[in-house]
$ cat work.cif   # mmCIF, C-alpha atoms
data_query
loop_
_atom_site.label_atom_id
_atom_site.label_comp_id
_atom_site.auth_asym_id
_atom_site.auth_seq_id
_atom_site.Cartn_x
_atom_site.Cartn_y
_atom_site.Cartn_z
CA MET A 34 -10.82 23.26 102.43
CA LEU A 35 -9.36 21.90 99.21
CA ALA A 36 -10.19 25.14 97.46
CA LEU A 37 -8.45 27.16 100.17
CA MET A 38 -5.40 24.87 100.33
CA PRO A 39 -3.35 26.76 97.65
CA VAL A 40 -3.96 30.05 99.44
CA MET A 41 -3.02 28.57 102.80
CA LEU A 42 0.15 27.02 101.37
CA PHE A 43 1.11 30.33 99.78
CA ILE A 44 0.64 32.23 103.05
CA ALA A 45 2.65 29.58 104.93
CA PHE A 46 5.45 29.80 102.33
CA TYR A 47 5.47 33.59 102.65
CA ALA A 48 5.66 33.39 106.45
CA ILE A 49 8.50 30.83 106.42
CA VAL A 50 10.65 32.47 103.73
CA ASP A 51 9.90 36.03 104.88
CA PRO A 52 12.15 37.82 102.34
CA PHE A 53 11.13 41.22 103.67
CA LYS A 54 11.98 40.43 107.32
CA ILE A 55 8.48 41.40 108.45
CA VAL A 56 7.16 38.17 109.95
CA HIS A 57 10.49 37.34 111.60
CA PRO A 58 12.31 40.63 112.26
CA VAL A 59 16.05 40.90 112.78
CA THR A 60 17.01 38.94 115.90
CA ASN A 61 20.78 39.26 116.33
CA ASP A 62 23.93 41.12 115.31
CA ALA A 63 24.81 38.49 112.73
CA LYS A 64 22.45 40.05 110.23
CA GLY A 65 25.05 40.04 107.47
CA GLN A 66 24.59 41.92 104.25
CA ASP A 67 21.31 43.38 103.09
CA SER A 68 19.75 42.13 99.91
CA VAL A 69 20.49 44.42 96.99
CA ILE A 70 17.54 42.93 95.12
CA VAL A 71 14.51 43.04 97.36
CA GLY A 72 15.90 45.32 100.02
CA ASN A 73 14.54 45.45 103.54
CA ASN A 74 12.24 48.24 104.61
CA ALA A 75 14.72 50.52 106.41
CA GLY A 76 12.03 52.05 108.62
CA PHE A 77 10.96 48.60 109.84
CA THR A 78 14.57 47.64 110.50
CA SER A 79 15.11 50.81 112.54
CA VAL A 80 12.11 50.20 114.78
CA GLU A 81 12.80 46.50 115.21
CA THR A 82 16.45 47.21 116.07
CA TYR A 83 15.32 49.64 118.77
CA LEU A 84 12.83 47.12 120.20
CA LEU A 85 15.45 44.37 120.19
CA TYR A 86 18.42 46.19 121.68
CA ASN A 87 17.10 49.13 123.71
CA ASP A 88 16.99 47.17 126.98
CA LYS A 89 20.70 46.46 126.54
CA TYR A 90 22.01 49.72 125.07
CA HIS A 91 19.51 52.25 126.46
CA TYR A 92 19.58 54.47 123.39
CA ASP A 93 19.43 58.22 123.97
CA SER A 94 20.97 59.65 120.78
CA PHE A 95 19.39 59.27 117.34
CA ILE A 96 20.36 59.95 113.73
CA LEU A 97 17.11 60.73 111.93
CA GLY A 98 16.41 61.18 108.25
CA SER A 99 16.22 59.34 104.95
CA SER A 100 18.95 57.16 103.43
CA MET A 101 20.86 60.44 103.02
CA SER A 102 21.54 60.22 106.78
CA GLN A 103 23.03 56.73 106.84
CA ASN A 104 26.59 57.72 105.92
CA PHE A 105 26.80 60.16 108.84
CA LYS A 106 28.48 57.54 110.98
CA SER A 107 28.01 57.25 114.72
CA SER A 108 31.79 57.36 115.09
CA TYR A 109 31.81 60.77 113.37
CA TRP A 110 29.11 62.13 115.67
CA LYS A 111 30.29 60.55 118.92
CA PRO A 112 33.14 63.04 119.60
CA TYR A 113 30.58 65.84 119.85
CA LEU A 114 28.50 64.01 122.47
CA SER A 115 29.08 62.88 126.04
CA ASP A 116 31.15 59.76 126.54
CA ASN A 117 28.16 57.69 127.65
CA ALA A 118 25.88 58.64 124.72
CA SER A 119 24.24 55.60 123.11
CA ILE A 120 23.57 56.12 119.40
CA LEU A 121 21.07 54.50 117.02
CA HIS A 122 20.51 55.21 113.33
CA PHE A 123 16.74 55.70 113.28
CA ASP A 124 16.25 56.32 109.57
CA ALA A 125 13.87 55.23 106.83
CA SER A 126 14.08 55.17 103.05
CA SER A 127 12.58 58.32 101.52
CA GLU A 128 11.76 59.52 105.02
CA SER A 129 9.20 62.30 105.43
CA LEU A 130 8.72 64.89 108.16
CA ASP A 131 5.68 62.89 109.28
CA GLY A 132 7.88 59.81 109.57
CA ILE A 133 10.37 61.66 111.77
CA ILE A 134 7.57 62.96 113.98
CA ASN A 135 6.07 59.47 114.33
CA LYS A 136 9.44 57.98 115.27
CA MET A 137 10.14 60.67 117.87
CA ARG A 138 6.72 60.14 119.45
CA PHE A 139 7.31 56.38 119.38
CA LEU A 140 10.54 56.86 121.34
CA ASN A 141 8.84 59.02 123.96
CA ASP A 142 5.94 56.58 124.24
CA HIS A 143 8.48 53.84 125.03
CA GLY A 144 10.05 55.89 127.80
CA THR A 145 13.11 57.00 125.84
CA THR A 146 14.32 60.58 126.22
CA ILE A 147 15.92 61.98 123.08
CA LYS A 148 19.02 63.57 124.63
CA ASN A 149 20.83 64.10 121.33
CA ALA A 150 19.59 64.23 117.75
CA LEU A 151 21.29 64.57 114.39
CA ILE A 152 18.53 65.30 111.88
CA VAL A 153 19.35 65.19 108.17
CA ILE A 154 16.68 66.97 106.12
CA GLU A 155 17.40 67.15 102.39
CA ALA A 156 15.54 69.78 100.38
CA LYS A 157 13.27 67.17 98.78
CA MET A 158 12.07 65.94 102.18
CA LEU A 159 10.24 69.20 102.91
CA GLY A 160 7.65 68.48 100.23
CA ARG A 161 7.64 64.71 100.62
CA LYS A 162 4.55 62.89 101.85
CA PRO A 163 4.62 59.43 103.47
CA ASN A 164 4.35 56.64 100.90
CA ASP A 165 2.44 53.95 102.75
CA ASN A 166 1.53 52.01 99.62
CA ASP A 167 5.03 50.71 98.86
CA ILE A 168 6.77 47.89 100.71
CA LEU A 169 10.06 49.83 100.90
CA TYR A 170 8.54 52.96 102.40
CA VAL A 171 5.48 51.98 104.43
CA GLN A 172 5.87 53.01 108.08
CA HIS A 173 6.12 50.51 110.89
CA PRO A 174 2.71 50.07 112.58
CA ALA A 175 4.37 50.62 115.97
CA THR A 176 4.83 54.26 114.92
CA THR A 177 1.49 54.74 113.17
CA GLY A 178 -0.95 52.58 115.16
CA THR A 179 -1.25 48.84 115.72
CA TRP A 180 -4.39 48.80 113.59
CA ASN A 181 -2.05 49.18 110.60
CA TRP A 182 -0.57 45.69 110.95
CA LEU A 183 -3.29 44.02 108.86
CA ARG A 184 -2.90 46.56 106.08
CA VAL A 185 0.91 46.27 106.12
CA HIS A 186 0.91 42.47 105.95
CA SER A 187 -1.59 42.65 103.13
CA LEU A 188 0.77 44.98 101.26
CA PHE A 189 3.79 42.70 101.69
CA LEU A 190 1.84 39.54 100.97
CA ASN A 191 0.58 41.04 97.73
CA ALA A 192 4.16 41.96 96.74
CA PHE A 193 5.21 38.36 97.34
CA ARG A 194 2.84 37.26 94.57
CA ASP A 195 5.37 38.59 92.08
CA ILE A 196 7.13 35.56 90.57
CA LYS A 197 10.47 37.41 90.83
CA GLN A 198 10.05 37.63 94.59
CA VAL A 199 9.40 33.89 94.85
CA LYS A 200 12.35 33.19 92.55
CA TYR A 201 14.56 35.29 94.75
CA ALA A 202 13.35 33.52 97.87
CA LEU A 203 14.20 30.12 96.38
CA MET A 204 17.43 30.99 94.53
CA PRO A 205 18.77 34.32 95.79
CA SER A 206 22.33 33.97 94.49
CA ARG A 207 21.23 32.90 91.00
CA PHE A 208 18.65 35.68 90.73
CA GLU A 209 21.16 38.26 91.96
CA LYS A 210 23.57 37.16 89.22
CA GLU A 211 20.84 37.59 86.61
CA LEU A 212 20.13 41.13 87.73
CA GLN A 213 23.83 41.96 87.70
CA ASN A 214 24.08 40.69 84.15
CA GLU A 215 21.13 42.85 83.16
CA GLY A 216 22.86 45.88 84.69
CA ILE A 217 20.09 46.47 87.23
CA ILE A 218 22.36 46.20 90.25
CA ILE A 219 26.07 46.88 90.64
CA GLY A 220 28.54 45.95 93.32
CA LEU A 221 27.97 44.73 96.83
CA ALA A 222 25.27 45.26 99.39
CA PRO A 223 26.32 47.30 102.43
CA ASN A 224 27.66 45.72 105.59
CA ARG A 225 25.89 46.50 108.85
CA ILE A 226 26.59 46.92 112.53
CA GLY A 227 23.43 45.46 113.99
CA HIS A 228 22.91 47.27 117.29
CA LEU A 229 23.72 50.65 115.69
CA ASN A 230 21.52 49.93 112.68
CA GLU A 231 24.45 51.38 110.76
CA MET A 232 25.44 50.43 107.25
CA TYR A 233 28.81 50.97 105.66
CA TYR A 234 30.55 50.12 102.39
CA ALA A 235 33.82 48.65 103.64
CA GLU A 236 35.10 47.57 100.22
CA PHE A 237 33.96 50.71 98.40
CA ASP A 238 35.41 53.04 101.05
CA SER A 239 38.80 51.32 100.91
CA ILE A 240 38.91 51.57 97.11
CA ILE A 241 37.88 55.25 97.11
CA ALA A 242 40.49 56.08 99.73
CA VAL A 243 43.37 54.30 97.95
CA ASN A 244 42.52 54.52 94.25
CA PRO A 245 39.31 56.48 93.52
CA ASN A 246 39.65 55.94 89.75
CA GLU A 247 39.12 52.24 90.33
CA TYR A 248 35.71 52.99 91.81
CA TYR A 249 34.68 55.94 89.65
CA THR A 250 35.00 54.14 86.34
CA PRO A 251 33.59 55.67 83.13
CA GLU A 252 30.82 53.05 83.21
CA ARG A 253 29.79 54.00 86.73
CA LEU A 254 29.92 57.73 86.05
CA LYS A 255 27.70 57.28 83.00
CA ARG A 256 24.93 56.02 85.26
CA ILE A 257 24.55 59.42 86.87
CA LYS A 258 21.57 60.95 85.14
CA ARG A 259 21.70 64.69 84.86
CA VAL A 260 18.61 66.77 84.24
CA ASN A 261 18.21 70.40 83.36
CA SER A 262 16.85 71.97 86.52
CA PRO A 263 16.96 75.40 88.16
CA SER A 264 19.79 76.11 90.58
CA VAL A 265 17.38 76.72 93.46
CA THR A 266 14.31 74.72 94.45
CA LYS A 267 10.92 76.33 94.58
CA PRO A 268 9.86 77.10 98.16
CA ALA A 269 8.46 73.92 99.67
CA ILE A 270 7.48 75.13 103.13
CA ASP A 271 3.84 76.15 103.25
CA GLU A 272 1.67 76.46 106.35
CA THR A 273 1.26 72.67 106.67
CA VAL A 274 4.97 71.93 106.34
CA GLU A 275 5.78 74.71 108.78
CA GLN A 276 3.43 73.13 111.32
CA ARG A 277 5.28 69.82 110.95
CA LEU A 278 8.62 71.52 111.53
CA CYS A 279 7.18 73.28 114.60
CA THR A 280 5.96 69.91 115.89
CA ILE A 281 9.48 68.50 115.61
CA LYS A 282 10.79 71.55 117.48
CA LYS A 283 8.23 71.08 120.27
CA ILE A 284 9.25 67.45 120.73
CA LEU A 285 12.92 68.46 120.82
CA ASP A 286 12.17 71.15 123.39
CA LYS A 287 10.10 68.76 125.49
CA ASN A 288 13.05 66.34 125.59
CA HIS A 289 15.57 69.16 126.17
CA THR A 290 17.40 67.69 123.20
CA ASN A 291 20.87 68.74 122.13
CA TYR A 292 20.36 68.71 118.37
CA ILE A 293 21.77 69.75 115.03
CA ILE A 294 20.04 69.83 111.63
CA ILE A 295 21.97 69.31 108.41
CA VAL A 296 20.70 69.95 104.88
CA PRO A 297 22.96 67.81 102.67
CA PRO A 298 23.65 68.28 98.97
CA ARG A 299 22.21 65.96 96.36
CA ASN A 300 24.14 65.72 93.14
CA THR A 301 22.34 67.33 90.19
CA TYR A 302 19.53 68.56 92.45
CA PRO A 303 18.96 72.28 93.13
CA ARG A 304 19.83 73.79 96.48
CA LEU A 305 17.44 74.69 99.29
CA SER A 306 15.56 77.93 98.64
CA TRP A 307 16.34 80.98 100.78
CA HIS A 308 12.68 81.07 101.80
CA ASP A 309 12.81 77.54 103.21
CA LEU A 310 16.18 78.06 104.87
CA TRP A 311 14.96 81.24 106.57
CA ILE A 312 11.88 79.50 107.97
CA MET A 313 13.91 76.52 109.22
CA LYS A 314 16.39 78.82 110.95
CA SER A 315 13.52 80.87 112.38
CA ILE A 316 11.98 77.74 113.91
CA PHE A 317 15.06 75.85 115.10
CA GLY A 318 17.63 78.63 115.50
CA GLN A 319 20.35 80.00 113.26
CA ASP A 320 23.07 77.95 114.92
CA LYS A 321 21.08 74.70 114.67
CA VAL A 322 20.41 74.54 110.90
CA HIS A 323 23.39 74.06 108.58
CA ASP A 324 22.77 74.18 104.85
CA PHE A 325 25.22 72.35 102.58
CA SER A 326 22.83 71.97 99.65
CA SER A 327 24.91 74.41 97.58
CA HIS A 328 28.37 73.41 98.84
CA PRO A 329 30.72 74.20 95.91
CA GLU A 330 32.89 71.11 96.46
CA LEU A 331 29.94 68.71 96.61
CA VAL A 332 27.31 69.90 94.15
CA ASN A 333 27.83 68.52 90.63
CA ASN A 334 30.83 66.55 91.87
CA ASP A 335 30.16 62.97 90.79
CA ARG A 336 33.12 61.69 92.82
CA ALA A 337 31.55 62.80 96.09
CA TYR A 338 28.77 60.20 95.85
CA TYR A 339 28.50 56.43 95.90
CA ASP A 340 25.81 56.24 93.26
CA TYR A 341 23.40 58.09 91.03
CA ALA A 342 20.90 58.20 93.90
CA ALA A 343 23.08 60.93 95.40
CA HIS A 344 24.27 59.18 98.55
CA LEU A 345 27.32 61.08 99.77
CA ILE A 346 30.42 59.00 100.49
CA SER A 347 31.11 58.70 104.20
CA ALA A 348 34.29 60.81 104.04
CA LYS A 349 32.27 63.79 102.77
CA CYS A 350 29.65 63.25 105.47
CA LYS A 351 32.39 63.53 108.09
CA LEU A 352 33.58 66.75 106.44
CA ILE A 353 30.05 68.17 106.61
CA LEU A 354 29.52 67.14 110.24
CA ASP A 355 32.82 68.60 111.39
CA SER A 356 32.13 71.83 109.52
CA ALA A 357 28.64 72.15 111.00
CA TYR A 358 29.86 71.71 114.58
CA LYS A 359 32.69 74.15 113.96
CA GLU A 360 30.11 76.73 112.89
CA MET A 361 27.98 75.91 115.92
CA ASN A 362 30.86 76.15 118.39
CA TYR A 363 32.48 79.28 117.02
CA GLY A 364 29.35 81.06 115.85
CA SER A 365 27.92 81.30 112.38
CA ILE A 366 28.67 84.35 110.27
CA GLU A 367 25.69 86.59 110.97
CA ASN A 368 23.52 87.42 108.03
CA PRO A 369 20.96 90.22 108.47
CA TYR A 370 18.55 88.18 106.35
CA PHE A 371 18.29 85.64 109.16
CA LYS A 372 18.06 88.02 112.09
CA LEU A 373 14.78 87.85 113.95
CA PRO A 374 13.13 90.91 115.52
CA LYS A 375 13.74 91.35 119.24
CA GLU A 376 10.72 90.73 121.42
CA GLY A 377 8.94 93.82 122.67
CA LYS A 378 10.54 96.18 120.15
CA GLY A 379 7.70 96.09 117.68
CA THR A 380 10.09 95.53 114.79
CA LYS A 381 8.45 94.54 111.55
CA GLN A 382 9.84 91.75 109.38
#

$ encode --input "work.cif" --output "C-alpha cells"
Amino acid sequence: MLALMPVMLFIAFYAIVDPFKIVHPVTNDAKGQDSVIVGNNAGFTSVETYLLYNDKYHYDSFILGSSMSQNFKSSYWKPYLSDNASILHFDASSESLDGIINKMRFLNDHGTTIKNALIVIEAKMLGRKPNDNDILYVQHPATTGTWNWLRVHSLFLNAFRDIKQVKYALMPSRFEKELQNEGIIIGLAPNRIGHLNEMYYAEFDSIIAVNPNEYYTPERLKRIKRVNSPSVTKPAIDETVEQRLCTIKKILDKNHTNYIIIVPPRNTYPRLSWHDLWIMKSIFGQDKVHDFSSHPELVNNDRAYYDYAAHLISAKCKLILDSAYKEMNYGSIENPYFKLPKEGKGTKQ
C-alpha cells in the first residue's frame, strides 16, 4: 500500500484538478473562457454539451466539421431555418469524415432527428484520418463505443504526467503569462455560449470591425507561415473516402435532412481539386455543395483570418453562408462538367 500511495495520490490529484474537463465535464452555462494553454478537447465538449442540454433545448439542427466550422455562427444560419430550429455546434478539432459519421449515428441512437445540417468540409478533411492518440483529437467514447473509456482516460492521465500540465493546474495565470512571454500564445481565449457550444472572439471582432490595422499588426502577420505549394490539391477521394461520403449521404437521407455543405478556403493552402468537387457534387447534389476553397477575396488574404491556422473571421463566414444559400435558392450556374447522365438514357460519363 505504501508503494502504491504515490500513484493513488497522483490519480486523485488528476481527478480533482481535471484540467482537460474529462472527469468532470462542463455542467453549466457559466463555463467562461477556454484555456489557451491546454485547450479542451472540442469533440468531448460537443458531446457533453449535447448530453447536458438536449432535454431542455431538443436540438434538431447541427453545425458539423472541424474548428473551421466554429465561426459559422448559429445566428448567421438561423435565418435560413424554421423559427423553431434548435442549433448546436457539434464540431471537433481536426475533425475527420469518420468523426462526422460517428457523431451523426450518436445523435440518431439518442433519438435525435437531424432536421438541418450545415457541414463544413475543408479540402484537408477528405484525406484526414481520426487521430485517437492525441488528447485534443481523440473521439468521445459515447460516439465510438463505451469500451474506449479506459483507453481514453489512460491517454489523458499519461498527458497529465507532463510537469507543465501540473504547473498549469496549480498556477494557470502564472504559466499562461510565461507562455505569452515566450511568444507561444497570443491574445485571449474565445468566449463561449454554453448551450450552443459556440465560441466567439468578442474583443477581436470589435477591433477588426472598427480598426483592422490594430489587429493585423506586422508582428501578427509575420506569424503566417507561407509554403510553396501547388494551386490545386491532389485528388483525395479514393474508393474508401467515397464510401464515407456516401455513408454521410445515407444518414442525411434517412433523417430527411435539409442540409448544405461548404468547402471553406484555408489561407496558403491549395484549393479543392476538380476531381474531388465533382464526386462530392455527384453524391450530395450540385446545389448542396458550395466550394469556396479558391475564392479570390479569401485565398492568400491574411486579413480574412484570425490566425496562421487559417480560421476565417466570422464576418467572412457570414459572407460565405449568405452566398451559398443565394446560389441554392436561385440556382447555381450550370456547368456541363457537373451534369450527371439521365437515368435510362444509357449516357456514358

$ closest_residue --input "work.cif" --among "A:Ile133, A:Leu229, A:Ile49, A:Val56" --to "A:Tyr90" --atoms "only C-alpha atoms"
A:Leu229

$ residues_around --input "work.cif" --residues "A:Ile134" --least-positions-apart "5" --cutoff "12 Å" --atoms "only C-alpha atoms" --output "VMD selection string"
chain A and resid 97 to 98 123 to 124 128 to 129 139 to 141 152 163 172 176 to 177 276 to 285

$ write_last_selection --input "work.cif" --atoms "C-alpha atoms" --output "PDB file, in the coordinates of the input"
ATOM      1  CA  LEU A  97      17.110  60.730 111.930  1.00  0.00           C
ATOM      2  CA  GLY A  98      16.410  61.180 108.250  1.00  0.00           C
ATOM      3  CA  PHE A 123      16.740  55.700 113.280  1.00  0.00           C
ATOM      4  CA  ASP A 124      16.250  56.320 109.570  1.00  0.00           C
ATOM      5  CA  GLU A 128      11.760  59.520 105.020  1.00  0.00           C
ATOM      6  CA  SER A 129       9.200  62.300 105.430  1.00  0.00           C
ATOM      7  CA  PHE A 139       7.310  56.380 119.380  1.00  0.00           C
ATOM      8  CA  LEU A 140      10.540  56.860 121.340  1.00  0.00           C
ATOM      9  CA  ASN A 141       8.840  59.020 123.960  1.00  0.00           C
ATOM     10  CA  ILE A 152      18.530  65.300 111.880  1.00  0.00           C
ATOM     11  CA  PRO A 163       4.620  59.430 103.470  1.00  0.00           C
ATOM     12  CA  GLN A 172       5.870  53.010 108.080  1.00  0.00           C
ATOM     13  CA  THR A 176       4.830  54.260 114.920  1.00  0.00           C
ATOM     14  CA  THR A 177       1.490  54.740 113.170  1.00  0.00           C
ATOM     15  CA  GLN A 276       3.430  73.130 111.320  1.00  0.00           C
ATOM     16  CA  ARG A 277       5.280  69.820 110.950  1.00  0.00           C
ATOM     17  CA  LEU A 278       8.620  71.520 111.530  1.00  0.00           C
ATOM     18  CA  CYS A 279       7.180  73.280 114.600  1.00  0.00           C
ATOM     19  CA  THR A 280       5.960  69.910 115.890  1.00  0.00           C
ATOM     20  CA  ILE A 281       9.480  68.500 115.610  1.00  0.00           C
ATOM     21  CA  LYS A 282      10.790  71.550 117.480  1.00  0.00           C
ATOM     22  CA  LYS A 283       8.230  71.080 120.270  1.00  0.00           C
ATOM     23  CA  ILE A 284       9.250  67.450 120.730  1.00  0.00           C
ATOM     24  CA  LEU A 285      12.920  68.460 120.820  1.00  0.00           C
TER      25      LEU A 285
END

$ atom_distance --input "work.cif" --atom1 "atom CA of A:Gly132" --atom2 "atom CA of A:Arg304"
22.6 Å

$ resolve_selection --input "work.cif" --expression "the PyMOL selection byres ((chain A and resi 188) around 12)" --output "number ranges by chain"
A: 53, 55, 165-172, 181-187, 189-194

$ atom_distance --input "work.cif" --atom1 "atom CA of A:Tyr92" --atom2 "atom CA of A:Ser119"
4.8 Å

$ atom_distance --input "work.cif" --atom1 "atom CA of A:Met101" --atom2 "atom CA of A:Ala125"
9.5 Å

$ closest_atom_pairs --input "work.cif" --of "stretch 99-154 of chain A" --to "stretch 323-329 of chain A" --cutoff "12 Å" --atoms "all atoms listed in the file" --output "JSON lines"
{"residue": "A:Leu151", "atom": "CA", "partner": "A:His323", "partner_atom": "CA", "distance": 11.3}
{"residue": "A:Ile152", "atom": "CA", "partner": "A:His323", "partner_atom": "CA", "distance": 10.5}
{"residue": "A:Val153", "atom": "CA", "partner": "A:His323", "partner_atom": "CA", "distance": 9.8}
{"residue": "A:Ile154", "atom": "CA", "partner": "A:Asp324", "partner_atom": "CA", "distance": 9.5}

$ closest_residue --input "work.cif" --among "A:Tyr248, A:Tyr113, A:Phe237, A:Tyr47" --to "A:Tyr292" --atoms "all atoms listed in the file"
A:Tyr113

$ residues_around --input "work.cif" --residues "stretch 269-273 of chain A" --least-positions-apart "5" --cutoff "7 Å" --atoms "only C-alpha atoms" --output "NGL selection string"
:A and (159-160 or 309)

$ residues_around --input "work.cif" --residues "A:Ile293" --least-positions-apart "2" --cutoff "9 Å" --atoms "all atoms listed in the file" --output "list in words"
Asn149, Ala150, Leu151, Ile152, Val153, Asn291, Ile295, Asp320, Lys321, Val322, His323, Ala357, Tyr358 and Met361 of chain A

$ resolve_selection --input "work.cif" --expression "the PyMOL selection byres ((chain A and resi 305) around 9)" --output "ChimeraX atom specification"
/A:155-157,265-268,296,298,303-304,306-310,324-327

$ closest_residue --input "work.cif" --among "A:Ile240, A:Ala235, A:Ile44, A:Asn288" --to "A:Met137" --atoms "all atoms listed in the file"
A:Asn288

$ resolve_selection --input "work.cif" --expression "the PyMOL selection byres ((chain A and resi 76-84) around 6)" --output "PyMOL selection string"
chain A and resi 74-75+85-87+123+125+173

$ residues_around --input "work.cif" --residues "A:Cys350" --least-positions-apart "2" --cutoff "12 Å" --atoms "all atoms listed in the file" --output "ChimeraX atom specification"
/A:101-110,153,295-298,325,331,337-339,344-348,352-357
